[in-house]
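Q: Take a look at this one; I'll ask things after.
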Amino acid sequence: MDRNPPVDRNPSVDRNPSVDRNPSVDRNPSVDRNPSVDRHSPMGRHSPMGRNPAVDTSPAVRLDRAKLLAARYKAAEARPYLASALYALTVVPAAGVRTMGVDRHWRCYVSPAFVEATPVTELAGVWVHEVAHLLRGHHERADLLPAADQSDPVRINIAQDCEINDDLLADGLALPAGRMEPKLFGLPTGGMFESYLPAIPATPPHAVDCGSGAHGTPMPWELGEGEGPARLSPVEADALRRQTAQAMRAHQRTRGSLPAGWQRWAEELLEPTVDWRRALSGAVREAAAWAGGAVDYTYRRPSRRTPAMGGRVVLPSLRRPLPRVAIVIDTSGSMGEEELAAALGEVTGVLREVGVRGNRVAVLACDADVHAVTRVTSTEQVALAGGGGTDMRVGITAALAMPDRPNIVVVLTDGYTPWPDETPSCRLVAALIGADAPQPPGWVETVRVDLGR
C-alpha cells in the first residue's frame with residue numbers, strides 16, 4: 001500500500017502518449033509531417049482564406065481548443081441561425097492544413113499554429129466561412145462542373161471563396177488578410193462561384209485550399225472514408241441545410257435582417273425553382289389520370305363473360321370515361337394576353353396528349369363575371385373578353401353548373417382574386433401567373449407560372 005505509485009504520477013494519466021502526446025493528433029507523420037504536403041509548394045504556402053505569413057507550421061504547437069471553441073461560440077451567438085450548422089462540425093487538429101478546411105463529411109481540420117496566431121474575431125469569421133462551403137453544397141456543385149474545371153481544385157476554391165467572402169464582409173464579419181474577393185479579379189459582388197470561375201486565371205497568384213468539402217477533391221491532410229470521428233451522412237447534411245434555412249427565415253421574420261447572400265440561399269433551398277411548364281403539365285396529367293380512373297359499369301357494351309352465362313344473364317362491362325375539363329381564364333385588366341396564351345397553350349397541349357380534346361374542353365373567359373363559354377380544339381379559338389375586376393369564384397361556379405359537369409377545373413389567374421369557401425367536388429388546379437402571385441387556399445393544387453424563367 002505504501003509503495004503504490006502516487007495517483008498524480010500514474011503514467012496512464014500523465015504520461016500516456018494516447019492522451020498528452022497522442023501521435024495521431026499532434027505528431028502523426030501522416031498528418032503533421034505528411035511528405036505528400038510540401039510546405040514549399042503553393043498548396044503548403046498559402047492558407048484557405050489567403051496568404052498568412054504569420055502562421056507557424058511547427059508540429060510542436062498544441063491546439064488551443066478553448067480559443068477555437070470561443071470563436072465558434074462568438075460566431076453562433078452573433079448569427080444564431082448558423083448555430084446548428086456550426087456545432088455540427090467535428091474538430092480535427094491537423095498541422096497539414098495551414099488554416100482551417102472541411103471535408104464533405106462535416107469534419108473541420110484546424111491548424112494549431114493558425115489558431116494561436118489568429119484573433120478570436122477573425123477565427124469566428126473563418127468558422128462561418130468554412131461552414132458556408134458545406135451549407136451551400138459547394139462540393140456537390142463542383143462535381144457537376146466540366147472535367148477540365150474539376151482538374152484545377154485551386155481555381156474552383158478561389159471562385160467559391162469569392163462567392164462566400166463578399167457576403168461575409170458585407171455582413172460585417174472580420175476575415176484574415178489575404179482573403180479572396182470578387183473585386184480582386186474585377187468581378188461584381190453577389191454572384192455564384194460558377195459565374196466567377198471563367199474569370200479566375202488558370203495559374204492564380206494565390207493558392208487556396210478549403211478541403212474536399214469545398215472543391216470536392218480529397219486532400220492529403222484529410223482522414224479517409226472509414227477513419228476518424230463522427231461524420232454526417234448526405235441525408236443528415238440535407239436535413240441540417242433545411243433546418244438552417246428555416247432558422248434563417250424565422251430570424252428574418254422576427255428580427256427583420258438577413259444578409260442578401262444567405263437570404264437568396266434559403267429561398268432557393270426552401271422554394272426551389274421548377275420549370276413551370278413541367279409542373280403545370282404534371283398537375284394536369286395527374287388530374288386527368290385521376291378523373292379517367294373513375295370507372296363505372298355500363299350495359300351499352302355487355303361483358304365478354306356474358307356468353308358463359310348461357311344468355312340467361314347479361315353482365316355489364318367496365319368503362320373508363322375520358323374526363324371533361326373546364327379552363328377558367330382570368331381576363332381582368334391585370335392579366336396580359338401573352339402570359340395567358342403561353343399558359344393556355346401548355347394546358348391544351350397536355351390535354352391533347354392525354355386524349356382529352358374537342359367538346360370535352362370548355363374555356364370560360366371571366367373577370368368579375370363570365371363573358372364567354374366556348375368549346376375549343378386550339379388556342380386560336382379562345383375569345384378573351386372582359387378586362388374589369390377579378391372574381392374567379394364566378395367562373396368556377398359557372399363551370400360546375402354546366403350541363404356536362406367537368407371533372408377538372410384549371411384556373412389561369414394572377415392570383416388576385418377571392419376563392420371558394422369550400423373545396424369543389426372536382427379537381428381544381430390553379431396556374432398562378434407571375435412571380436408575386438398571392439398564395440390561394442391550401443386545398444387548391446397550385447402551379448406558379450413565372451414566364452421570366
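Simple scheme: letters A, B, ... for chains in C-alpha cells order, numbers from 1 for residues in each chain, numbers from 1 for ligands in the order shown.
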What's the 12 Å shell around Ala142 (chain A), counting only C-alpha atoms, without same-chain residues fewer than 6 positions away, as a PyMOL selection string?

A: chain A and resi 104+133-134+136+148-157+159-160+192-194+197+212-217

Q: Would you write out those residues with N, CA, C and O atoms, as a CSV table (one decimal), in the first residue's frame?

A:
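Done, and the output landed in result19.csv:
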chain,number,residue,atom,x,y,z
A,104,ARG,N,-16.2,16.7,-47.0
A,104,ARG,CA,-17.6,16.6,-47.3
A,104,ARG,C,-18.4,15.8,-46.2
A,104,ARG,O,-19.6,15.7,-46.3
A,133,HIS,N,-19.2,26.8,-47.0
A,133,HIS,CA,-18.9,25.9,-48.1
A,133,HIS,C,-19.8,24.7,-48.0
A,133,HIS,O,-20.3,24.2,-49.1
A,134,LEU,N,-20.1,24.1,-46.8
A,134,LEU,CA,-20.9,22.9,-46.7
A,134,LEU,C,-22.3,23.2,-46.8
A,134,LEU,O,-23.1,22.4,-47.5
A,136,ARG,N,-23.8,25.6,-48.6
A,136,ARG,CA,-24.1,25.9,-49.9
A,136,ARG,C,-23.8,24.7,-50.9
A,136,ARG,O,-24.0,24.9,-52.1
A,148,ALA,N,-12.6,19.5,-67.2
A,148,ALA,CA,-11.4,20.4,-67.3
A,148,ALA,C,-11.4,21.4,-66.1
A,148,ALA,O,-10.3,21.7,-65.7
A,149,ASP,N,-12.5,21.8,-65.7
A,149,ASP,CA,-12.5,22.7,-64.5
A,149,ASP,C,-12.2,21.9,-63.2
A,149,ASP,O,-11.6,22.4,-62.3
A,150,GLN,N,-12.8,20.7,-63.1
A,150,GLN,CA,-12.5,19.8,-61.9
A,150,GLN,C,-11.1,19.5,-61.7
A,150,GLN,O,-10.7,19.2,-60.6
A,151,SER,N,-10.3,19.5,-62.8
A,151,SER,CA,-8.9,19.2,-62.7
A,151,SER,C,-8.1,20.3,-62.0
A,151,SER,O,-6.9,20.0,-61.6
A,152,ASP,N,-8.7,21.4,-61.7
A,152,ASP,CA,-8.0,22.5,-61.0
A,152,ASP,C,-8.7,22.9,-59.8
A,152,ASP,O,-9.5,23.9,-59.8
A,153,PRO,N,-8.6,22.2,-58.7
A,153,PRO,CA,-9.4,22.5,-57.5
A,153,PRO,C,-9.0,23.8,-56.9
A,153,PRO,O,-9.9,24.5,-56.2
A,154,VAL,N,-7.8,24.3,-57.1
A,154,VAL,CA,-7.4,25.6,-56.5
A,154,VAL,C,-8.2,26.7,-57.1
A,154,VAL,O,-8.8,27.6,-56.5
A,155,ARG,N,-8.4,26.7,-58.4
A,155,ARG,CA,-9.2,27.7,-59.2
A,155,ARG,C,-10.6,27.6,-58.7
A,155,ARG,O,-11.3,28.7,-58.6
A,156,ILE,N,-11.2,26.4,-58.5
A,156,ILE,CA,-12.6,26.3,-58.1
A,156,ILE,C,-12.7,26.9,-56.7
A,156,ILE,O,-13.6,27.6,-56.4
A,157,ASN,N,-11.7,26.6,-55.8
A,157,ASN,CA,-11.8,27.1,-54.4
A,157,ASN,C,-11.7,28.6,-54.4
A,157,ASN,O,-12.4,29.2,-53.6
A,159,ALA,N,-12.9,30.7,-56.7
A,159,ALA,CA,-14.2,31.2,-57.1
A,159,ALA,C,-15.2,31.0,-56.0
A,159,ALA,O,-16.1,31.8,-55.7
A,160,GLN,N,-15.1,29.9,-55.2
A,160,GLN,CA,-16.1,29.6,-54.1
A,160,GLN,C,-15.8,30.6,-53.0
A,160,GLN,O,-16.8,31.1,-52.4
A,192,MET,N,-22.6,33.8,-58.0
A,192,MET,CA,-22.3,32.4,-57.7
A,192,MET,C,-20.9,32.0,-58.2
A,192,MET,O,-20.4,32.6,-59.1
A,193,PHE,N,-20.3,31.0,-57.5
A,193,PHE,CA,-19.0,30.7,-57.9
A,193,PHE,C,-18.9,30.2,-59.3
A,193,PHE,O,-17.9,30.3,-60.0
A,194,GLU,N,-20.0,29.5,-59.8
A,194,GLU,CA,-20.0,29.1,-61.2
A,194,GLU,C,-19.8,30.2,-62.2
A,194,GLU,O,-19.2,30.1,-63.3
A,197,LEU,N,-16.1,31.5,-62.0
A,197,LEU,CA,-15.0,30.6,-62.4
A,197,LEU,C,-14.3,30.9,-63.7
A,197,LEU,O,-13.1,30.9,-63.8
A,212,SER,N,-11.9,19.1,-49.4
A,212,SER,CA,-12.9,18.5,-50.3
A,212,SER,C,-14.3,18.9,-50.0
A,212,SER,O,-15.2,18.7,-50.8
A,213,GLY,N,-14.6,19.5,-48.8
A,213,GLY,CA,-15.9,20.0,-48.5
A,213,GLY,C,-16.2,21.2,-49.3
A,213,GLY,O,-17.4,21.7,-49.4
A,214,ALA,N,-15.2,21.8,-50.0
A,214,ALA,CA,-15.4,22.9,-50.9
A,214,ALA,C,-15.2,22.5,-52.3
A,214,ALA,O,-16.2,22.5,-53.1
A,215,HIS,N,-14.0,22.2,-52.8
A,215,HIS,CA,-13.8,21.9,-54.2
A,215,HIS,C,-14.0,20.5,-54.6
A,215,HIS,O,-14.0,20.2,-55.8
A,216,GLY,N,-14.2,19.6,-53.6
A,216,GLY,CA,-14.6,18.2,-53.9
A,216,GLY,C,-13.4,17.2,-54.1
A,216,GLY,O,-13.7,16.0,-54.2
A,217,THR,N,-12.2,17.7,-54.0
A,217,THR,CA,-11.0,16.8,-54.2
A,217,THR,C,-10.4,16.5,-52.9
A,217,THR,O,-10.0,17.4,-52.1

Q: I'd like the contact shell of region 100-102 of chain A - 9 Å cut-off, only C-alpha atoms, skipping same-chain residues fewer than 6 positions apart - returned as an MDAnalysis selection string.

A: chainID A and resid 47:49 89 94 108:111 114:115 126:127 130:131 133:134 209:214 222

Q: Of the candidates A:Leu315, A:Val447, A:Ala76, A:Val347, which one gets nearest to Val328 (chain A) if we count only C-alpha atoms?

A: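 When distances to Val328 (chain A) are compared using only C-alpha atoms, the smallest one comes from A:Val347.
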
Q: So, with only C-alpha atoms as the atoms that count, which of A:Val128, A:Gln252, A:Pro220, A:Thr446 lies closest to Glu267 (chain A)?

A: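 Counting only C-alpha atoms, the residue closest to Glu267 (chain A) is A:Gln252.
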
Q: One decimal, in Å: what's the spacing between CA of Leu69 (chain A) and CA of Ala174 (chain A)?

A: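 CA of Ala174 (chain A) lies 16.7 Å from CA of Leu69 (chain A).
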
Q: Can you pull out every residue within 9 Å of Ser425 (chain A), counting only C-alpha atoms, but drop anything in the same chain fewer than 3 positions away, and send it as JSON, numbers by chain?

A: {"A": [400, 407, 428]}

Q: I want to know what sits within 10 Å of Ala398 (chain A), based on only C-alpha atoms, with residues of the same chain fewer than 6 positions away left out; could you give that as a list in words?

A: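 These residues fall inside the cut-off: Ala326, Val328, Leu364, Cys366, Asp369, Val370, Val373, Met392 and Arg405 of chain A.
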
Q: May I have the residues within 12 Å of Tyr73 (chain A) as a list in words, using only C-alpha atoms and disregarding those fewer than 3 positions away in the same chain?

A: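 Counting only the stated atoms, we get Arg65, Ala66, Lys67, Leu68, Leu69, Ala70, Ala76, Glu77, Ala78, Arg79, Pro80, Leu82, Ala83, Ser84, Leu86, Tyr87, Val120, Thr121, Leu123, Ala124, Gly125, Trp127 and Val128 of chain A.
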
Q: Find the spatial neighbours of Ile396 (chain A), counting only C-alpha atoms, within a cut-off of 12 Å - ignore same-chain residues fewer than 2 positions away - and output them as a count of residues only.

A: 45
